[in-house]
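See below for my_file24.json, which holds JSON, C-alpha atoms.
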```
[["chain", "number", "residue", "atom", "x", "y", "z"],
["I", 50, "MET", "CA", 2.69, -38.60, -31.10],
["I", 51, "GLN", "CA", -0.12, -38.91, -28.58],
["I", 52, "LYS", "CA", 2.13, -40.91, -26.25],
["I", 53, "ILE", "CA", 4.90, -38.31, -26.53],
["I", 54, "HIS", "CA", 2.38, -35.51, -25.94],
["I", 55, "SER", "CA", 1.02, -37.22, -22.82],
["I", 56, "GLY", "CA", 4.53, -37.76, -21.52],
["I", 57, "LEU", "CA", 5.44, -34.11, -21.99],
["I", 58, "ALA", "CA", 2.18, -33.01, -20.36],
["I", 59, "GLY", "CA", 3.08, -35.18, -17.37],
["I", 60, "LEU", "CA", 6.53, -33.59, -17.16],
["I", 61, "PHE", "CA", 4.96, -30.14, -17.26],
["I", 62, "VAL", "CA", 2.61, -30.98, -14.39],
["I", 63, "LYS", "CA", 5.55, -32.34, -12.40],
["I", 64, "PHE", "CA", 7.55, -29.19, -13.11],
["I", 65, "LEU", "CA", 4.61, -27.01, -12.07],
["I", 66, "ASP", "CA", 4.12, -28.95, -8.83],
["I", 67, "GLU", "CA", 7.80, -28.42, -8.00],
["I", 68, "GLN", "CA", 7.47, -24.68, -8.56],
["I", 69, "ILE", "CA", 4.39, -24.51, -6.33],
["I", 70, "ARG", "CA", 6.19, -26.38, -3.54],
["I", 71, "ALA", "CA", 9.23, -24.12, -3.86],
["I", 72, "ILE", "CA", 7.02, -21.03, -3.53],
["I", 73, "GLU", "CA", 5.15, -22.46, -0.54],
["I", 74, "ASP", "CA", 8.42, -23.41, 1.18],
["I", 75, "THR", "CA", 9.90, -19.91, 0.90],
["I", 76, "LYS", "CA", 10.79, -18.56, 4.33],
["I", 77, "VAL", "CA", 11.68, -14.95, 5.09],
["I", 78, "LYS", "CA", 12.42, -13.22, 8.38],
["I", 79, "ILE", "CA", 10.20, -10.15, 8.23],
["I", 80, "LYS", "CA", 12.24, -8.39, 10.94],
["I", 81, "ARG", "CA", 14.99, -8.14, 8.33],
["I", 82, "ARG", "CA", 13.23, -6.54, 5.38],
["I", 83, "LYS", "CA", 14.72, -7.95, 2.19],
["I", 84, "GLY", "CA", 12.51, -6.13, -0.30],
["I", 85, "VAL", "CA", 11.21, -8.21, -3.18],
["I", 86, "ILE", "CA", 10.76, -11.91, -2.40],
["I", 87, "GLY", "CA", 12.54, -14.36, -4.73],
["I", 88, "PHE", "CA", 9.49, -15.81, -6.45],
["I", 89, "ILE", "CA", 8.03, -12.35, -7.14],
["I", 90, "ARG", "CA", 11.36, -11.30, -8.68],
["I", 91, "ILE", "CA", 11.59, -14.44, -10.83],
["I", 92, "PHE", "CA", 8.02, -14.63, -12.13],
["I", 93, "PRO", "CA", 8.19, -11.65, -14.56],
["I", 94, "LEU", "CA", 11.24, -13.20, -16.26],
["I", 95, "PHE", "CA", 9.63, -16.63, -16.25],
["I", 96, "SER", "CA", 6.37, -15.42, -17.80],
["I", 97, "ALA", "CA", 8.23, -13.32, -20.41],
["I", 98, "ILE", "CA", 10.20, -16.38, -21.57],
["I", 99, "ILE", "CA", 7.02, -18.47, -21.75],
["I", 100, "GLU", "CA", 5.12, -15.80, -23.65],
["I", 101, "ASN", "CA", 7.96, -15.46, -26.17],
["I", 102, "MET", "CA", 7.62, -19.19, -26.85],
["I", 103, "LEU", "CA", 3.84, -18.91, -27.36],
["I", 104, "VAL", "CA", 3.68, -15.96, -29.73],
["I", 105, "SER", "CA", 1.64, -17.92, -32.32],
["I", 106, "ALA", "CA", 0.07, -20.53, -30.04],
["I", 107, "ASP", "CA", -3.28, -18.90, -29.20],
["I", 108, "ASP", "CA", -5.24, -21.62, -31.00],
["I", 109, "LEU", "CA", -3.28, -24.52, -29.48],
["I", 110, "ASP", "CA", -4.06, -26.53, -26.34],
["I", 111, "ILE", "CA", -0.76, -25.42, -24.76],
["I", 112, "ARG", "CA", -2.17, -21.91, -24.43],
["I", 113, "GLU", "CA", -4.85, -23.07, -22.00],
["I", 114, "THR", "CA", -2.38, -25.34, -20.24],
["I", 115, "VAL", "CA", -0.05, -22.41, -19.58],
["I", 116, "ASN", "CA", -2.91, -20.09, -18.56],
["I", 117, "SER", "CA", -4.05, -22.65, -16.03],
["I", 118, "ALA", "CA", -0.48, -22.86, -14.73],
["I", 119, "TYR", "CA", -0.30, -19.05, -14.45],
["I", 120, "ASN", "CA", -3.42, -19.11, -12.28],
["I", 121, "ARG", "CA", -1.96, -21.78, -9.98],
["I", 122, "ILE", "CA", 1.42, -20.07, -9.69],
["I", 123, "ASN", "CA", 0.02, -16.59, -9.08],
["I", 124, "LYS", "CA", -2.54, -17.80, -6.57],
["I", 125, "THR", "CA", 0.23, -19.57, -4.65],
["I", 126, "MET", "CA", 2.56, -16.55, -4.87],
["I", 127, "PHE", "CA", -0.03, -14.10, -3.58],
["I", 128, "GLU", "CA", -1.12, -16.41, -0.76],
["I", 129, "SER", "CA", 2.47, -17.25, 0.24],
["I", 130, "LEU", "CA", 3.44, -13.58, 0.19],
["I", 131, "LYS", "CA", 0.66, -12.79, 2.65],
["I", 132, "VAL", "CA", 1.76, -15.65, 4.90],
["I", 133, "ILE", "CA", 5.35, -14.37, 4.85],
["I", 134, "ALA", "CA", 4.20, -10.82, 5.58],
["I", 135, "ARG", "CA", 1.87, -11.98, 8.34],
["I", 136, "ASP", "CA", 4.56, -13.88, 10.27],
["I", 137, "ASN", "CA", 5.44, -12.25, 13.59],
["I", 138, "THR", "CA", 3.02, -9.40, 12.89],
["I", 139, "GLY", "CA", 1.27, -7.64, 15.74],
["I", 140, "ILE", "CA", -1.77, -5.36, 15.76],
["I", 141, "MET", "CA", -1.69, -1.77, 14.61],
["I", 142, "GLU", "CA", -4.04, 0.97, 15.79],
["I", 143, "THR", "CA", -4.42, 3.76, 13.26],
["I", 144, "GLY", "CA", -6.17, 7.10, 13.07],
["I", 145, "GLY", "CA", -3.74, 8.66, 15.53],
["I", 146, "GLY", "CA", -3.23, 5.49, 17.55],
["I", 147, "LEU", "CA", -0.27, 3.24, 18.18],
["I", 148, "GLU", "CA", 2.03, 2.16, 15.41],
["I", 149, "ASN", "CA", 3.27, -1.43, 15.52],
["I", 150, "LYS", "CA", 6.68, -1.96, 13.90],
["I", 151, "GLU", "CA", 5.97, -5.52, 12.73],
["I", 152, "GLU", "CA", 2.65, -4.45, 11.22],
["I", 153, "LEU", "CA", 4.40, -1.61, 9.41],
["I", 154, "ASN", "CA", 6.94, -4.10, 8.05],
["I", 155, "HIS", "CA", 3.99, -6.21, 6.91],
["I", 156, "GLN", "CA", 2.63, -3.34, 4.81],
["I", 157, "ILE", "CA", 6.07, -2.37, 3.47],
["I", 158, "LEU", "CA", 6.78, -5.91, 2.29],
["I", 159, "LEU", "CA", 3.43, -6.20, 0.51],
["I", 160, "ILE", "CA", 3.75, -2.77, -1.09],
["I", 161, "GLU", "CA", 7.26, -3.49, -2.40],
["I", 162, "ASN", "CA", 6.31, -6.85, -3.85],
["I", 163, "MET", "CA", 3.03, -5.76, -5.43],
["I", 164, "ASN", "CA", 4.81, -2.76, -6.94],
["I", 165, "HIS", "CA", 7.49, -5.03, -8.43],
["I", 166, "TYR", "CA", 4.82, -7.28, -9.93],
["I", 167, "LEU", "CA", 2.96, -4.29, -11.40],
["I", 168, "GLU", "CA", 6.09, -2.76, -12.91],
["I", 169, "GLU", "CA", 7.77, -5.90, -14.21],
["I", 170, "VAL", "CA", 5.07, -8.33, -15.40],
["I", 171, "ASP", "CA", 4.29, -7.83, -19.08],
["I", 172, "PRO", "CA", 0.89, -9.44, -19.83],
["I", 173, "ARG", "CA", 1.51, -9.47, -23.62],
["I", 174, "ARG", "CA", -2.28, -9.20, -24.09],
["I", 175, "ASN", "CA", -2.75, -12.38, -22.03],
["I", 176, "HIS", "CA", -6.02, -12.08, -20.13],
["I", 177, "VAL", "CA", -4.85, -14.23, -17.21],
["I", 178, "LEU", "CA", -1.77, -12.12, -16.56],
["I", 179, "GLU", "CA", -3.85, -8.96, -17.00],
["I", 180, "ASP", "CA", -6.29, -10.22, -14.34],
["I", 181, "TRP", "CA", -3.44, -10.89, -11.90],
["I", 182, "LYS", "CA", -1.91, -7.47, -12.56],
["I", 183, "GLU", "CA", -5.28, -5.94, -11.75],
["I", 184, "LYS", "CA", -5.38, -7.90, -8.50],
["I", 185, "ALA", "CA", -1.82, -6.79, -7.72],
["I", 186, "GLY", "CA", -2.95, -3.19, -8.24],
["I", 187, "GLN", "CA", -5.82, -3.65, -5.80],
["I", 188, "GLU", "CA", -3.50, -5.19, -3.22],
["I", 189, "PHE", "CA", -0.99, -2.37, -3.73],
["I", 190, "ASP", "CA", -3.63, 0.33, -3.19],
["I", 191, "GLU", "CA", -5.03, -1.40, -0.11],
["I", 192, "HIS", "CA", -1.71, -1.79, 1.66],
["I", 193, "LEU", "CA", -0.42, 1.62, 0.59],
["I", 194, "GLY", "CA", -3.51, 3.12, 2.20],
["I", 195, "LYS", "CA", -2.85, 1.21, 5.44],
["I", 196, "TYR", "CA", 0.81, 2.21, 5.41],
["I", 197, "VAL", "CA", 0.06, 5.91, 4.90],
["I", 198, "THR", "CA", -2.57, 5.89, 7.64],
["I", 199, "ALA", "CA", -0.04, 4.30, 10.00],
["I", 200, "VAL", "CA", 2.90, 6.64, 9.33],
["I", 201, "MET", "CA", 0.67, 9.71, 9.57],
["I", 202, "SER", "CA", 0.03, 8.89, 13.21],
["I", 203, "ARG", "CA", 3.48, 10.31, 14.01],
["I", 204, "PRO", "CA", 3.33, 13.87, 12.59],
["I", 205, "LEU", "CA", -0.46, 14.38, 12.93],
["I", 206, "LYS", "CA", -1.51, 12.24, 15.91],
["I", 207, "GLN", "CA", -3.25, 14.85, 18.11],
["I", 208, "LEU", "CA", -4.82, 16.66, 15.17],
["I", 209, "LEU", "CA", -6.20, 13.42, 13.73],
["I", 210, "LEU", "CA", -7.63, 12.42, 17.11],
["I", 211, "PHE", "CA", -9.39, 15.78, 17.39],
["I", 212, "LEU", "CA", -10.77, 15.62, 13.84],
["I", 213, "ASP", "CA", -11.98, 12.04, 14.30],
["I", 214, "THR", "CA", -13.77, 13.02, 17.53],
["I", 215, "ILE", "CA", -15.49, 16.03, 15.97],
["I", 216, "GLU", "CA", -16.57, 14.13, 12.85],
["I", 217, "THR", "CA", -17.94, 11.26, 14.94],
["I", 218, "THR", "CA", -19.83, 13.72, 17.15],
["I", 219, "ILE", "CA", -21.38, 15.40, 14.10],
["I", 220, "LEU", "CA", -22.76, 12.04, 12.96],
["I", 221, "THR", "CA", -24.39, 11.45, 16.35],
["I", 222, "LEU", "CA", -26.08, 14.86, 16.68],
["I", 223, "PRO", "CA", -29.88, 14.85, 17.00],
["I", 224, "GLN", "CA", -31.66, 15.56, 13.76],
["I", 225, "GLY", "CA", -31.88, 19.28, 13.13],
["I", 226, "SER", "CA", -29.05, 20.20, 15.50],
["I", 227, "PRO", "CA", -26.41, 22.37, 13.82],
["I", 228, "PRO", "CA", -22.78, 21.24, 14.05],
["I", 229, "SER", "CA", -21.93, 24.50, 15.83],
["I", 230, "THR", "CA", -23.55, 23.14, 19.02],
["I", 231, "ILE", "CA", -20.49, 20.88, 19.40],
["I", 232, "ALA", "CA", -18.41, 23.95, 20.30],
["I", 233, "GLN", "CA", -20.35, 24.21, 23.58],
["I", 234, "ASN", "CA", -18.47, 21.13, 24.85],
["I", 235, "SER", "CA", -15.34, 22.26, 26.70],
["I", 236, "ARG", "CA", -13.23, 19.46, 25.18],
["I", 237, "GLN", "CA", -14.39, 20.42, 21.68],
["I", 238, "SER", "CA", -14.61, 24.18, 22.15],
["I", 239, "ARG", "CA", -13.12, 26.77, 19.87],
["I", 240, "ILE", "CA", -10.28, 27.28, 22.34],
["I", 241, "ALA", "CA", -9.52, 23.53, 22.30],
["I", 242, "PHE", "CA", -9.47, 23.60, 18.49],
["I", 243, "GLN", "CA", -7.20, 26.64, 18.52],
["I", 244, "GLN", "CA", -4.77, 24.85, 20.82],
["I", 245, "VAL", "CA", -4.60, 21.82, 18.55],
["I", 246, "LEU", "CA", -4.03, 23.99, 15.47],
["I", 247, "ALA", "CA", -1.40, 26.03, 17.31],
["I", 248, "GLU", "CA", 0.50, 22.80, 18.00],
["I", 249, "HIS", "CA", 0.29, 21.99, 14.26],
["I", 250, "ASP", "CA", 1.42, 25.30, 12.79],
["I", 251, "SER", "CA", 3.27, 25.74, 9.49],
["I", 252, "LYS", "CA", 6.68, 25.06, 11.01],
["I", 253, "TYR", "CA", 5.47, 21.87, 12.72],
["I", 254, "ILE", "CA", 3.83, 20.60, 9.50],
["I", 255, "ARG", "CA", 6.93, 21.42, 7.44],
["I", 256, "ASN", "CA", 9.21, 19.59, 9.87],
["I", 257, "GLY", "CA", 6.77, 16.68, 9.94],
["I", 258, "ILE", "CA", 6.84, 16.36, 6.15],
["I", 259, "VAL", "CA", 10.65, 16.51, 6.05],
["I", 260, "ALA", "CA", 10.88, 13.75, 8.67],
["I", 261, "LEU", "CA", 8.22, 11.74, 6.84],
["I", 262, "LYS", "CA", 10.13, 11.93, 3.54],
["I", 263, "LYS", "CA", 13.27, 10.62, 5.23],
["I", 264, "ARG", "CA", 11.27, 7.80, 6.76],
["I", 265, "VAL", "CA", 9.65, 6.80, 3.46],
["I", 266, "GLU", "CA", 13.06, 6.81, 1.76],
["I", 267, "LYS", "CA", 14.42, 4.60, 4.54],
["I", 268, "HIS", "CA", 11.52, 2.14, 4.11],
["I", 269, "PHE", "CA", 11.48, 1.96, 0.30],
["I", 270, "GLY", "CA", 14.70, 3.51, -0.95],
["I", 271, "ASP", "CA", 17.03, 0.51, -0.71],
["I", 272, "ALA", "CA", 15.32, -2.00, -3.00],
["I", 273, "ASP", "CA", 17.30, -4.26, -5.34],
["I", 274, "ASP", "CA", 16.47, -2.18, -8.42],
["I", 275, "PRO", "CA", 17.35, 1.52, -7.86],
["I", 276, "GLY", "CA", 15.03, 2.64, -10.65],
["I", 277, "LEU", "CA", 12.02, 0.81, -9.24],
["I", 278, "SER", "CA", 12.97, 1.97, -5.77],
["I", 279, "ARG", "CA", 13.00, 5.66, -6.70],
["I", 280, "ALA", "CA", 9.68, 5.32, -8.52],
["I", 281, "LEU", "CA", 8.12, 3.56, -5.53],
["I", 282, "VAL", "CA", 9.33, 6.26, -3.13],
["I", 283, "ALA", "CA", 7.68, 8.84, -5.41],
["I", 284, "LYS", "CA", 4.39, 6.89, -5.39],
["I", 285, "VAL", "CA", 4.36, 6.61, -1.60],
["I", 286, "LEU", "CA", 5.21, 10.29, -1.12],
["I", 287, "GLU", "CA", 2.42, 11.25, -3.51],
["I", 288, "ALA", "CA", -0.02, 9.22, -1.40],
["I", 289, "CYS", "CA", 1.30, 10.93, 1.75],
["I", 290, "GLU", "CA", 0.87, 14.35, 0.14],
["I", 291, "ASN", "CA", -2.72, 13.50, -0.81],
["I", 292, "TYR", "CA", -3.36, 12.43, 2.80],
["I", 293, "PHE", "CA", -2.03, 15.75, 4.12],
["I", 294, "GLU", "CA", -4.26, 17.62, 1.67],
["I", 295, "ASP", "CA", -7.26, 15.58, 2.79],
["I", 296, "VAL", "CA", -6.51, 16.50, 6.41],
["I", 297, "GLU", "CA", -6.34, 20.16, 5.39],
["I", 298, "ASN", "CA", -9.78, 19.81, 3.78],
["I", 299, "ARG", "CA", -11.15, 18.21, 6.97],
["I", 300, "VAL", "CA", -9.71, 21.00, 9.13],
["I", 301, "ARG", "CA", -11.26, 23.70, 6.95],
["I", 302, "ALA", "CA", -14.63, 21.94, 6.85],
["I", 303, "ILE", "CA", -14.76, 21.63, 10.65],
["I", 304, "SER", "CA", -13.56, 25.21, 11.09],
["I", 305, "THR", "CA", -16.41, 26.39, 8.85],
["I", 306, "ASP", "CA", -19.22, 24.09, 10.04],
["I", 307, "VAL", "CA", -18.48, 23.95, 13.77],
["I", 308, "TYR", "CA", -16.52, 27.11, 14.60],
["I", 309, "ASP", "CA", -17.93, 29.63, 12.07],
["I", 310, "GLY", "CA", -14.65, 29.80, 10.18],
["I", 311, "VAL", "CA", -12.53, 30.66, 13.21],
["I", 312, "PRO", "CA", -9.78, 29.70, 13.75],
["I", 313, "ALA", "CA", -8.33, 29.38, 10.26],
["I", 314, "VAL", "CA", -5.69, 26.78, 9.54],
["I", 315, "GLU", "CA", -2.25, 28.31, 9.09],
["I", 316, "TRP", "CA", -1.05, 26.05, 6.26],
["I", 317, "THR", "CA", -2.50, 25.45, 2.81],
["I", 318, "LYS", "CA", -2.33, 22.78, 0.10],
["I", 319, "ASN", "CA", 0.27, 24.90, -1.71],
["I", 320, "ASP", "CA", 2.43, 24.87, 1.42],
["I", 321, "ILE", "CA", 2.13, 21.09, 1.58],
["I", 322, "SER", "CA", 2.98, 20.62, -2.12],
["I", 323, "SER", "CA", 5.97, 22.95, -2.01],
["I", 324, "THR", "CA", 7.37, 21.20, 1.07],
["I", 325, "PHE", "CA", 7.02, 17.78, -0.56],
["I", 326, "ARG", "CA", 8.77, 19.10, -3.67]]
```
Would you mind writing the file's structure down as structure tokens?
Amino acid sequence: MQKIHSGLAGLFVKFLDEQIRAIEDTKVKIKRRKGVIGFIRIFPLFSAIIENMLVSADDLDIRETVNSAYNRINKTMFESLKVIARDNTGIMETGGGLENKEELNHQILLIENMNHYLEEVDPRRNHVLEDWKEKAGQEFDEHLGKYVTAVMSRPLKQLLLFLDTIETTILTLPQGSPPSTIAQNSRQSRIAFQQVLAEHDSKYIRNGIVALKKRVEKHFGDADDPGLSRALVAKVLEACENYFEDVENRVRAISTDVYDGVPAVEWTKNDISSTFR
């Protein structure tokens, strides 16, 4: 029995090594976004089959053997996914700066794959799979944040540049100086602020949101699973809506602190929400 057990353990290690090599050898052309990478699509099915086999095996050695394998496989998948996403990727400037197409593809690929992992992997109360789902959630949030910051540079570029400049200037004011002193600078005067807000009126913001929705649907709306795709589009749009609302808060704060409440922003959070709906 011991000899048979050792032989089977050796076969399992060999099988695992083959899976690791297959994952590491996966090649994808990022310029042609293909959505969910093969090993991310397969793993939820693989782990579900394994967990069904081990329903009553918590007190057996095989449980630890499989958990160790999960750690190896997931570590390799996550690392390989980042290598695939990083290939041919340039540098992206955010906060109203330049938007690099390859870098945007990088974020899209990672968001799609981490979302698939989160939605499809069933941990079955397995602490190792739960830990990797938590890591997938962290990766998803990080890259969603980078994606949203990047795509917002198109509809809000000049406004974001102005807000960033004002907020940075406030932080560098001498102690005791009120923020309203910033308005004495011609480039940051009330008239300059009015001009920026006039360029970003309700109509401009509404058109920007409509164009943004179409863009998000183009990026995430053609995944392999239509159900997951629609849900992911909704998640990304929610993050975009929250970003718009945060910008509205920043505009109002600067209007109050620096320009004594004048000028007032023309659009509100309700306007943003209704346009997204």
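Straight-line separation from atom CA of Trp316 of chain I to atom CA of Asp250 of chain I: 7.0 Å.
Residue nearest Asp180 of chain I within the list I:Gln156, I:Asn116, I:Thr198, I:Thr218: I:Asn116 [criterion: smallest interatomic distance, all atoms listed in the file].
The space between atom CA of Lys284 of chain I and atom CA of Lys131 of chain I spans 21.6 Å.
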Practice prompt. Tell me, as a list in words, which residues lie within 12 Å of Asp171 of chain I, counting all atoms listed in the file; anything in the same chain fewer than 2 positions away does not count.
Written response: Phe92, Pro93, Leu94, Phe95, Ser96, Ala97, Ile98, Ile99, Glu100, Asn101, His165, Tyr166, Leu167, Glu168, Glu169, Arg173, Arg174, Asn175, His176, Val177, Leu178, Glu179, Asp180, Trp181 and Lys182 of chain I
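Atom CA of Ser229 of chain I to atom CA of Asp295 of chain I spans 21.6 Å [interatomic distance, one decimal].
For the point (1.9, 14.4, 3.3), the residues with an atom at a distance of at most 10 Å are Val197, Val200, Met201, Pro204, Leu205, Ile254, Arg255, Gly257, Ile258, Val259, Leu261, Lys262, Val285, Leu286, Glu287, Ala288, Cys289, Glu290, Asn291, Tyr292, Phe293, Glu294, Asp295, Val296, Lys318, Ile321, Ser322, Thr324 and Phe325 of chain I, counting only C-alpha atoms.
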Could you save the residues just selected, with C-alpha atoms, as a PDB file, in the coordinates of the input?
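Listing of result_13.pdb after writing:
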```pdb
ATOM      1  CA  VAL I 197       0.060   5.910   4.900  1.00  0.00           C
ATOM      2  CA  VAL I 200       2.900   6.640   9.330  1.00  0.00           C
ATOM      3  CA  MET I 201       0.670   9.710   9.570  1.00  0.00           C
ATOM      4  CA  PRO I 204       3.330  13.870  12.590  1.00  0.00           C
ATOM      5  CA  LEU I 205      -0.460  14.380  12.930  1.00  0.00           C
ATOM      6  CA  ILE I 254       3.830  20.600   9.500  1.00  0.00           C
ATOM      7  CA  ARG I 255       6.930  21.420   7.440  1.00  0.00           C
ATOM      8  CA  GLY I 257       6.770  16.680   9.940  1.00  0.00           C
ATOM      9  CA  ILE I 258       6.840  16.360   6.150  1.00  0.00           C
ATOM     10  CA  VAL I 259      10.650  16.510   6.050  1.00  0.00           C
ATOM     11  CA  LEU I 261       8.220  11.740   6.840  1.00  0.00           C
ATOM     12  CA  LYS I 262      10.130  11.930   3.540  1.00  0.00           C
ATOM     13  CA  VAL I 285       4.360   6.610  -1.600  1.00  0.00           C
ATOM     14  CA  LEU I 286       5.210  10.290  -1.120  1.00  0.00           C
ATOM     15  CA  GLU I 287       2.420  11.250  -3.510  1.00  0.00           C
ATOM     16  CA  ALA I 288      -0.020   9.220  -1.400  1.00  0.00           C
ATOM     17  CA  CYS I 289       1.300  10.930   1.750  1.00  0.00           C
ATOM     18  CA  GLU I 290       0.870  14.350   0.140  1.00  0.00           C
ATOM     19  CA  ASN I 291      -2.720  13.500  -0.810  1.00  0.00           C
ATOM     20  CA  TYR I 292      -3.360  12.430   2.800  1.00  0.00           C
ATOM     21  CA  PHE I 293      -2.030  15.750   4.120  1.00  0.00           C
ATOM     22  CA  GLU I 294      -4.260  17.620   1.670  1.00  0.00           C
ATOM     23  CA  ASP I 295      -7.260  15.580   2.790  1.00  0.00           C
ATOM     24  CA  VAL I 296      -6.510  16.500   6.410  1.00  0.00           C
ATOM     25  CA  LYS I 318      -2.330  22.780   0.100  1.00  0.00           C
ATOM     26  CA  ILE I 321       2.130  21.090   1.580  1.00  0.00           C
ATOM     27  CA  SER I 322       2.980  20.620  -2.120  1.00  0.00           C
ATOM     28  CA  THR I 324       7.370  21.200   1.070  1.00  0.00           C
ATOM     29  CA  PHE I 325       7.020  17.780  -0.560  1.00  0.00           C
TER      30      PHE I 325
END
```
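Among I:Ser117, I:Ser251, I:Gln237, I:Thr125, the residue with the shortest atom-to-atom distance to Ile72 of chain I, counting all atoms listed in the file, is I:Thr125.
Comparing the minimum interatomic distances between Gln244 of chain I and each of I:Leu208, I:Met102, I:Ala185, I:Ile122, counting only C-alpha atoms, we find that I:Leu208 sits nearest.
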Which residues are near His192 of chain I? Cut-off 7 Å, all atoms listed in the file, ignore same chain within fewer than 2 positions. Put them as a compact mmCIF listing (two decimals) with C-alpha atoms, keeping the file's coordinate frame.
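Final output, out20.txt:
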```
# COMPACT_ATOMS: atom_id res chain seq x y z
CA GLN I 156 2.63 -3.34 4.81
CA LEU I 159 3.43 -6.20 0.51
CA ILE I 160 3.75 -2.77 -1.09
CA GLU I 188 -3.50 -5.19 -3.22
CA PHE I 189 -0.99 -2.37 -3.73
CA ASP I 190 -3.63 0.33 -3.19
CA GLY I 194 -3.51 3.12 2.20
CA LYS I 195 -2.85 1.21 5.44
CA TYR I 196 0.81 2.21 5.41
```
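Among the candidates I:Gln224, I:Leu130, I:Arg279, I:Ser304, the residue lying nearest to Ser238 of chain I is I:Ser304 (atoms considered: only C-alpha atoms).
In this comparison, which uses only C-alpha atoms, the residue of I:Glu191, I:Glu266, I:Glu73, I:Glu248 approaching Ser278 of chain I most closely is I:Glu266.
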Non-local contacts of Thr114 of chain I (10 Å; only C-alpha atoms; under 6 positions in same chain excluded) as a PDB file with C-alpha atoms, keeping the file's coordinate frame:
```
ATOM      1  CA  ALA I  58       2.180 -33.010 -20.360  1.00  0.00           C
ATOM      2  CA  PHE I  61       4.960 -30.140 -17.260  1.00  0.00           C
ATOM      3  CA  VAL I  62       2.610 -30.980 -14.390  1.00  0.00           C
TER       4      VAL I  62
END
```
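The nearest approach to Arg203 of chain I among the residues I:Ser129, I:Asn149, I:Asn234, I:Gln243, with all atoms listed in the file taken into account, belongs to I:Asn149.
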Output requested as a compact mmCIF listing (two decimals), keeping the file's coordinate frame - segment 263-275 of chain I, filled out with N, CA and C atoms.
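Okay, selection_21.txt is ready:
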```txt
# COMPACT_ATOMS: atom_id res chain seq x y z
N LYS I 263 12.10 11.42 4.87
CA LYS I 263 13.27 10.62 5.23
C LYS I 263 12.85 9.21 5.62
N ARG I 264 11.74 9.11 6.30
CA ARG I 264 11.27 7.80 6.76
C ARG I 264 10.83 6.94 5.58
N VAL I 265 10.11 7.53 4.65
CA VAL I 265 9.65 6.80 3.46
C VAL I 265 10.85 6.32 2.65
N GLU I 266 11.85 7.19 2.50
CA GLU I 266 13.06 6.81 1.76
C GLU I 266 13.80 5.68 2.46
N LYS I 267 13.78 5.68 3.78
CA LYS I 267 14.42 4.60 4.54
C LYS I 267 13.67 3.29 4.32
N HIS I 268 12.33 3.35 4.27
CA HIS I 268 11.52 2.14 4.11
C HIS I 268 11.60 1.56 2.70
N PHE I 269 11.63 2.43 1.69
CA PHE I 269 11.48 1.96 0.30
C PHE I 269 12.66 2.31 -0.61
N GLY I 270 13.65 3.00 -0.08
CA GLY I 270 14.70 3.51 -0.95
C GLY I 270 15.89 2.61 -1.16
N ASP I 271 15.85 1.39 -0.58
CA ASP I 271 17.03 0.51 -0.71
C ASP I 271 16.66 -0.82 -1.36
N ALA I 272 15.72 -0.78 -2.30
CA ALA I 272 15.32 -2.00 -3.00
C ALA I 272 16.43 -2.45 -3.95
N ASP I 273 16.28 -3.68 -4.47
CA ASP I 273 17.30 -4.26 -5.34
C ASP I 273 17.49 -3.46 -6.63
N ASP I 274 16.40 -2.94 -7.18
CA ASP I 274 16.47 -2.18 -8.42
C ASP I 274 16.33 -0.69 -8.09
N PRO I 275 17.41 0.10 -8.23
CA PRO I 275 17.35 1.52 -7.86
C PRO I 275 16.26 2.29 -8.59
```
